[in-house]
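Shown next, in C-alpha cells, is the structure this report addresses.
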Amino acid sequence: MKKSRISRRGFLGTAAVGAAGVVAPVIITGCSSKPKAFIPVDNGTWLDAAPDGPVLKAGVIGCGGRGRGAAINFLNAGPNLQIAALGDTFKDRVDEARAAILKSKNQEVPEDKCFVGFDAFQKVIESGVDVVILAAPPFFRPEHLAAAVAARKHIFAEKPVCVDPVGARSVMATALKAKELGLTIVTGTQRRHQRNYVANYNQVKAGAIGDIVGGNVWWNGGKLWHRDNNPSWTEMEWMIRDWVNWTWLSGDHIVEQHVHNLDVMNWFTGSHPVTAHGMGSRLRRVTGDQYDNFSIEFIFEDGRRFHSQCRQINGCWNSVAERLQGSKGSTNCIDTITDLAGNEIWKYQYPLDSEGKPNARAMMDPYVQEHIDMVTAIRNNQPFNELENTAVSTMCAIMGRVSAYTGKETTWEEMMNSDLKLGPEVFAFGKVNIPKEVPIAGEAYVPPAPGQERRRN
C-alpha cells in the first residue's frame with residue numbers, strides 16, 4: 001500500500017525516551033498530570049469586584065482582539081487597576097489596543113511603554129508591571145509563560161497554553177515553578193469562573209448524578225476569520241496575522257477553541273483521558289493548513305469513554321456544550337441535572353434582570369470574574385494556579401489532533417514522551433521554512449497490478 005504523503009512521525013515526533021539522538025523530556029517532579037478541581041471562592045461566595053489595594057499594573061503581550069478584550073476585563077475587575085505597557089509583533093495592533101483602552105476606560109498607556117517586535121514580550125515583562133496578560137498566538141505561550149514566571153510576575157494567560165507536546169511539558173514545568181514562587185496564574189478557561197458551571201460542578205461532586213460513566217463535548221460552530229495574503233507582507237507576517245488557520249500557531253481549532261469543552265470534561269471527572277481515536281478533515285477552510293472538523297473518542301484509564309466533536313463550518317447545526325452521563329442521572333454541566341427518567345432534579349437559579357425575570361445575562365460576566373478572582377488572590381496574598389490543569393487539557397486536545405491527523409490510536413504516554421515541536425527555528429520577516437501540507441490520514445488506495453485483481457464471487 002502507498003503510504004500517506006506525510007508520515008506519522010511528522011505529527012507525533014519520536015518517543016523521546018530511548019530514541020537515539022533525541023533529548024529526553026524534562027522530568028517534572030511532583031507533576032501528577034491529573035487535573036485538580038478548582039473552585040475560586042470558598043463556599044460559593046462570589047465577589048462582584050476585587051477588593052481595593054495599591055495600584056496593580058498590568059502589561060499586555062499580544063494586542064489583537066483577545067488581548068484588547070482581556071485588558072478591558074482586567075480594568076473592569078476592581079479599583080486601582082492599570083494597563084501600563086503593551087507589546088505585539090505589529091505596531092498597528094499596539095496602536096489599536098492603546099486607542100481601545102483610552103476610549104473604553106480613559107487610561108492612556110505611555111508611548112514609551114509600547115513595544116513592537118518579536119522581543120516585545122520581554123520588554124513588557126521588564127517594564128515594571130506586576131501582572132502580565134498573555135494573548136499572543138498560542139505557539140508563543142510556553143516561552144512567554146517561562147519568561148514571566150522567571151521575572152516573578154502574576155499572569156493571566158489565554159488558553160490554549162501551547163500547541164505541541166514539547167510546549168506542554170515546558171508549561172507543566174513552569175506551573176510548578178510558579179507554585180513554588182507563590183504566583184497567581186489564571187488561564188482563560190472561564191467556565192471554571194462561571195457561576196452556573198461552578199454551582200453545577202458542586203452538585204455533581206456531591207453525587208447528584210452518581211458515578212460519571214461517560215459523556216459528550218461539542219464545539220460545533222461557524223467559520224472564524226481569516227486574512228487573505230497581502231503582497232506587502234512577508235510569509236511570516238501573513239501567517240501571524242492569519243494565525244487561527246495555521247496549526248503551528250494555533251494548534252488547530254481542536255486545541256485553540258475546543259480545549260474549553262475538553263477542560264470541562266477533565267474538571268468534572270477530576271482526571272484526563274489516556275487514549276484518543278480520532279478522525280477529521282478539511283472541507284471549506286480558506287487559508288492555512290488546518291482541518292475544519294474533528295471527531296474524537298477519548299478513553300480514560302478506567303475505561304470511561306467521552307465523544308468529542310468540533311467543527312468550524314458555516315451553514316451546519318451548531319452546538320457548544322457538554323453533557324455528562326452518570327449512574328443516577330445526567331447534566332449539561334452548566335445549569336441542569338436530570339434523573340435517569342429525564343426528570344429535572346436541579347436547576348441553577350439565575351439572577352433577576354431589570355424586568356424581574358431570571359436571566360443568564362444578568363449573571364456576572366465570567367470573562368471579568370476570572371480577573372476579579374485573580375486580583376483578589378493577589379491582593380489577599382492567597383495565590384492559586386490554574387496553569388497545570390490547562391496544560392493537561394491542552395495536551396488532551398493535542399493528543400486528539402495527532403490521532404485525527406494520522407488516523408492512528410494516540411496515547412497520553414506517547415504525548416508525554418514525544419519530541420514533536422511545531423514552528424520554524426528562526427523568527428524573522430521572510431519565508432517560513434516549515435511543512436505546509438494539509439494532513440492526510442492513513443494510506444492511499446493503490447489499484448492492483450494487472451492480473452492480480454480479486455475475483456468477484
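Labels for the C-alpha cells follow display order: chains A, B, ..., residues from 1 in each chain, ligands from 1.
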
Using only C-alpha atoms, find each residue in stretch 314-432 of chain A having at least one atom no more than 7 Å away from stretch 256-269 of chain A; report its shortest atom-to-atom pair and that distance in Å (one decimal), rows by chain then rising number, as a tab-separated table.
```
residue	atom	partner	partner_atom	distance
A:Glu322	CA	A:Asn261	CA	6.5
A:Ser393	CA	A:Asp263	CA	5.2
A:Thr394	CA	A:Val259	CA	6.1
A:Ala397	CA	A:Val259	CA	6.1
```

Keeping only N, CA and C atoms, write those residues as a PDB file, in the first residue's frame.
```pdb
ATOM      1  N   GLU A 322     -21.538  20.682  26.770  1.00  0.00           N
ATOM      2  CA  GLU A 322     -21.013  19.464  27.361  1.00  0.00           C
ATOM      3  C   GLU A 322     -22.188  18.672  27.948  1.00  0.00           C
ATOM      4  N   SER A 393      -5.261  19.834  29.886  1.00  0.00           N
ATOM      5  CA  SER A 393      -6.377  19.881  28.934  1.00  0.00           C
ATOM      6  C   SER A 393      -5.882  20.166  27.518  1.00  0.00           C
ATOM      7  N   THR A 394      -4.890  21.044  27.394  1.00  0.00           N
ATOM      8  CA  THR A 394      -4.327  21.337  26.082  1.00  0.00           C
ATOM      9  C   THR A 394      -3.642  20.103  25.502  1.00  0.00           C
ATOM     10  N   ALA A 397      -6.145  17.835  23.961  1.00  0.00           N
ATOM     11  CA  ALA A 397      -6.555  18.305  22.642  1.00  0.00           C
ATOM     12  C   ALA A 397      -5.490  17.988  21.591  1.00  0.00           C
TER      13      ALA A 397
END
```

* From stretch 385-440 of chain A, collect each residue whose DSSP state is alpha helix (DSSP H) and return the set as a ChimeraX atom specification. => /A:387-406,412-416

* Spatial neighbours of stretch 152-155 of chain A, max dist 9 Å, only C-alpha atoms, sep filter under 5 positions, as a list in words -> Ile125, Val129, Asp130, Val131, Val132, Ile133, Leu134, Leu145, Ala147, Ala178, Leu181, Gly182, Leu183, Thr184, Ile185, Val186, Thr187, Met374 and Ile378 of chain A

Could you save the residues just selected, with N, CA and C atoms, as a compact mmCIF listing (two decimals), in the first residue's frame?
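That gives us again_26.txt:
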```
# COMPACT_ATOMS: atom_id res chain seq x y z
N ILE A 125 7.57 42.61 30.05
CA ILE A 125 7.85 41.98 31.34
C ILE A 125 8.82 42.82 32.17
N VAL A 129 5.79 46.14 35.41
CA VAL A 129 4.42 45.71 35.67
C VAL A 129 4.40 44.64 36.76
N ASP A 130 3.23 44.48 37.38
CA ASP A 130 3.02 43.44 38.39
C ASP A 130 2.40 42.19 37.80
N VAL A 131 1.60 42.38 36.76
CA VAL A 131 0.83 41.31 36.12
C VAL A 131 1.10 41.37 34.63
N VAL A 132 1.21 40.20 33.98
CA VAL A 132 1.26 40.18 32.52
C VAL A 132 0.03 39.43 31.99
N ILE A 133 -0.53 39.97 30.93
CA ILE A 133 -1.67 39.36 30.24
C ILE A 133 -1.13 38.80 28.93
N LEU A 134 -1.16 37.47 28.79
CA LEU A 134 -0.57 36.80 27.63
C LEU A 134 -1.67 36.42 26.65
N LEU A 145 5.26 32.39 29.07
CA LEU A 145 4.99 31.96 30.45
C LEU A 145 6.28 31.77 31.23
N ALA A 147 9.19 33.12 30.74
CA ALA A 147 9.85 34.40 30.99
C ALA A 147 9.13 35.19 32.08
N ALA A 178 6.05 28.29 39.24
CA ALA A 178 5.18 29.38 39.69
C ALA A 178 4.58 29.08 41.05
N LEU A 181 7.00 29.78 43.73
CA LEU A 181 7.21 31.21 43.93
C LEU A 181 5.98 31.93 44.48
N GLY A 182 4.87 31.20 44.64
CA GLY A 182 3.65 31.81 45.17
C GLY A 182 2.98 32.77 44.22
N LEU A 183 3.06 32.49 42.91
CA LEU A 183 2.45 33.36 41.91
C LEU A 183 1.03 32.90 41.59
N THR A 184 0.17 33.83 41.28
CA THR A 184 -1.18 33.52 40.83
C THR A 184 -1.20 33.51 39.31
N ILE A 185 -1.77 32.43 38.75
CA ILE A 185 -1.90 32.31 37.30
C ILE A 185 -3.32 31.87 36.96
N VAL A 186 -4.01 32.68 36.19
CA VAL A 186 -5.34 32.36 35.66
C VAL A 186 -5.18 32.13 34.16
N THR A 187 -5.93 31.16 33.61
CA THR A 187 -5.59 30.70 32.26
C THR A 187 -6.73 30.77 31.25
N MET A 374 -8.48 36.65 40.11
CA MET A 374 -7.02 36.81 40.07
C MET A 374 -6.58 37.99 40.94
N ILE A 378 -4.27 38.00 44.43
CA ILE A 378 -3.02 38.76 44.55
C ILE A 378 -3.09 39.70 45.75
```

* A:Gly167: which residues within 12 Å, counting only C-alpha atoms, same-chain residues fewer than 2 positions away excluded, as a PyMOL selection string? -> chain A and resi 25-26+138-146+160-165+169-174+248-249+251+391-392+394-395+398+415-423

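By chain and then residue number, the residues within 12 Å of stretch 234-237 of chain A are Thr89, Phe90, Gly117, Phe118, Arg227, Asp228, Asn229, Asn230, Arg241, Asp242, Trp243, Trp246, Trp248, Leu249, Gly288, Gly423, Pro424, Val426, Phe427, Ala428, Phe429, Gly430, Lys431, Val432, Asn433, Ile434 and Lys436 of chain A, counting only C-alpha atoms and disregarding those fewer than 4 positions away in sequence.
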
N, CA and C atoms of the current selection, written as a compact mmCIF listing (two decimals), in the first residue's frame:
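Output file again29.txt is given in full below:
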```txt
# COMPACT_ATOMS: atom_id res chain seq x y z
N THR A 89 3.82 41.96 18.02
CA THR A 89 4.73 41.88 16.86
C THR A 89 4.52 43.05 15.92
N PHE A 90 3.28 43.58 15.89
CA PHE A 90 2.93 44.61 14.91
C PHE A 90 2.50 45.90 15.59
N GLY A 117 7.66 44.10 18.02
CA GLY A 117 8.68 43.18 17.53
C GLY A 117 8.59 41.83 18.21
N PHE A 118 9.44 40.90 17.78
CA PHE A 118 9.43 39.56 18.36
C PHE A 118 9.93 39.56 19.80
N ARG A 227 -7.30 35.91 7.15
CA ARG A 227 -6.69 37.06 6.49
C ARG A 227 -6.13 36.60 5.15
N ASP A 228 -6.61 37.18 4.07
CA ASP A 228 -6.00 36.93 2.77
C ASP A 228 -4.59 37.50 2.76
N ASN A 229 -3.72 36.85 2.01
CA ASN A 229 -2.35 37.33 1.94
C ASN A 229 -2.31 38.71 1.28
N ASN A 230 -1.39 39.52 1.76
CA ASN A 230 -1.21 40.87 1.24
C ASN A 230 0.17 40.94 0.58
N ARG A 241 -0.59 37.07 11.20
CA ARG A 241 -1.87 37.80 11.13
C ARG A 241 -3.03 36.86 10.86
N ASP A 242 -2.76 35.72 10.27
CA ASP A 242 -3.78 34.71 9.93
C ASP A 242 -3.71 33.52 10.88
N TRP A 243 -3.27 33.73 12.10
CA TRP A 243 -2.78 32.66 12.97
C TRP A 243 -3.81 31.60 13.31
N TRP A 246 -3.43 28.35 11.07
CA TRP A 246 -2.17 27.62 10.93
C TRP A 246 -1.91 26.79 12.19
N TRP A 248 0.77 25.43 13.45
CA TRP A 248 1.94 25.74 14.29
C TRP A 248 1.67 26.93 15.19
N LEU A 249 0.77 27.81 14.80
CA LEU A 249 0.47 29.00 15.61
C LEU A 249 -0.70 28.80 16.56
N GLY A 288 -4.43 28.54 5.33
CA GLY A 288 -3.77 27.74 6.35
C GLY A 288 -3.67 26.27 6.00
N GLY A 423 6.56 24.72 14.34
CA GLY A 423 7.05 26.07 14.09
C GLY A 423 8.46 26.12 13.55
N PRO A 424 8.85 27.29 13.05
CA PRO A 424 10.19 27.47 12.48
C PRO A 424 11.25 27.60 13.56
N VAL A 426 13.79 29.84 13.14
CA VAL A 426 14.22 31.24 13.10
C VAL A 426 13.00 32.13 12.93
N PHE A 427 12.96 33.21 13.70
CA PHE A 427 11.86 34.17 13.60
C PHE A 427 12.37 35.47 13.01
N ALA A 428 11.97 35.69 11.77
CA ALA A 428 12.33 36.90 11.05
C ALA A 428 11.28 37.08 9.96
N PHE A 429 11.09 38.30 9.52
CA PHE A 429 10.11 38.57 8.49
C PHE A 429 10.67 38.15 7.14
N GLY A 430 10.15 37.03 6.67
CA GLY A 430 10.58 36.45 5.40
C GLY A 430 9.84 35.16 5.20
N LYS A 431 10.42 34.24 4.49
CA LYS A 431 9.82 32.94 4.24
C LYS A 431 9.85 32.10 5.51
N VAL A 432 8.80 31.33 5.73
CA VAL A 432 8.71 30.46 6.90
C VAL A 432 9.02 29.04 6.44
N ASN A 433 10.14 28.51 6.91
CA ASN A 433 10.61 27.21 6.44
C ASN A 433 10.05 26.08 7.30
N ILE A 434 8.79 25.76 7.06
CA ILE A 434 8.12 24.64 7.73
C ILE A 434 7.26 23.93 6.69
N LYS A 436 3.92 22.79 4.96
CA LYS A 436 2.63 23.49 4.91
C LYS A 436 1.52 22.62 4.32
```

* Could you give me, as a list in words, the residues within 8 Å of A:Arg311, counting only C-alpha atoms and dropping anything in the same chain fewer than 3 positions from it? =>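 So the residues in contact are Trp219, Asn220, Gly221, Gly222, Asp292, Asn293 and Phe294 of chain A.
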
Just write the chosen residues, C-alpha atoms, as a CSV table (one decimal), in the first residue's frame.
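Contents of the output file result_36.csv:
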```csv
chain,number,residue,atom,x,y,z
A,219,TRP,CA,-17.8,22.9,19.9
A,220,ASN,CA,-19.6,23.0,16.6
A,221,GLY,CA,-19.9,26.4,15.1
A,222,GLY,CA,-19.3,28.5,12.1
A,292,ASP,CA,-12.2,22.3,9.9
A,293,ASN,CA,-13.8,19.3,11.7
A,294,PHE,CA,-12.8,16.6,14.2
```

Using only C-alpha atoms, tabulate the residues of stretch 126-217 of chain A lying at most 8 Å from any atom of stretch 352-372 of chain A, each with its closest atom pair and that distance in Å to one decimal, by chain and increasing residue number, as JSON lines.
```
{"residue": "A:Phe156", "atom": "CA", "partner": "A:His371", "partner_atom": "CA", "distance": 7.9}
{"residue": "A:Val186", "atom": "CA", "partner": "A:Glu370", "partner_atom": "CA", "distance": 7.1}
{"residue": "A:Gly188", "atom": "CA", "partner": "A:Glu370", "partner_atom": "CA", "distance": 7.6}
{"residue": "A:Gln190", "atom": "CA", "partner": "A:Pro366", "partner_atom": "CA", "distance": 5.6}
{"residue": "A:Arg191", "atom": "CA", "partner": "A:Pro366", "partner_atom": "CA", "distance": 7.0}
{"residue": "A:His193", "atom": "CA", "partner": "A:Glu370", "partner_atom": "CA", "distance": 5.5}
{"residue": "A:Gln194", "atom": "CA", "partner": "A:Pro366", "partner_atom": "CA", "distance": 4.9}
{"residue": "A:Arg195", "atom": "CA", "partner": "A:Pro366", "partner_atom": "CA", "distance": 7.6}
```

* Asked: Within 7 Å of A:Ile209, counting only C-alpha atoms, which residues qualify if same-chain residues fewer than 3 places away don't, as an MDAnalysis selection string?
  -> chainID A and resid 204 326:330

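With atom CA of A:Asn245 on one side and atom CA of A:Arg282 on the other, the separation reads 11.4 Å.
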
* Asked: Which distance in Å separates atom CA of A:Lys57 and atom CA of A:Val198, to one decimal?
  ->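 Spanning atom CA of A:Lys57 to atom CA of A:Val198 is a straight-line distance of 28.9 Å.
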
* Would you please give, as a ChimeraX atom specification, all residues of stretch 211-340 of chain A that DSSP assigns to strand (DSSP E or B) based on the backbone? => /A:212-221,273-281,293-300,305-312,319-326,329-331,336-339

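With only C-alpha atoms as the atoms that count, the minimum distance from A:Asp289 to the choices A:Val244, A:Leu176, A:Ala208, A:Ala77 is reached by A:Val244.
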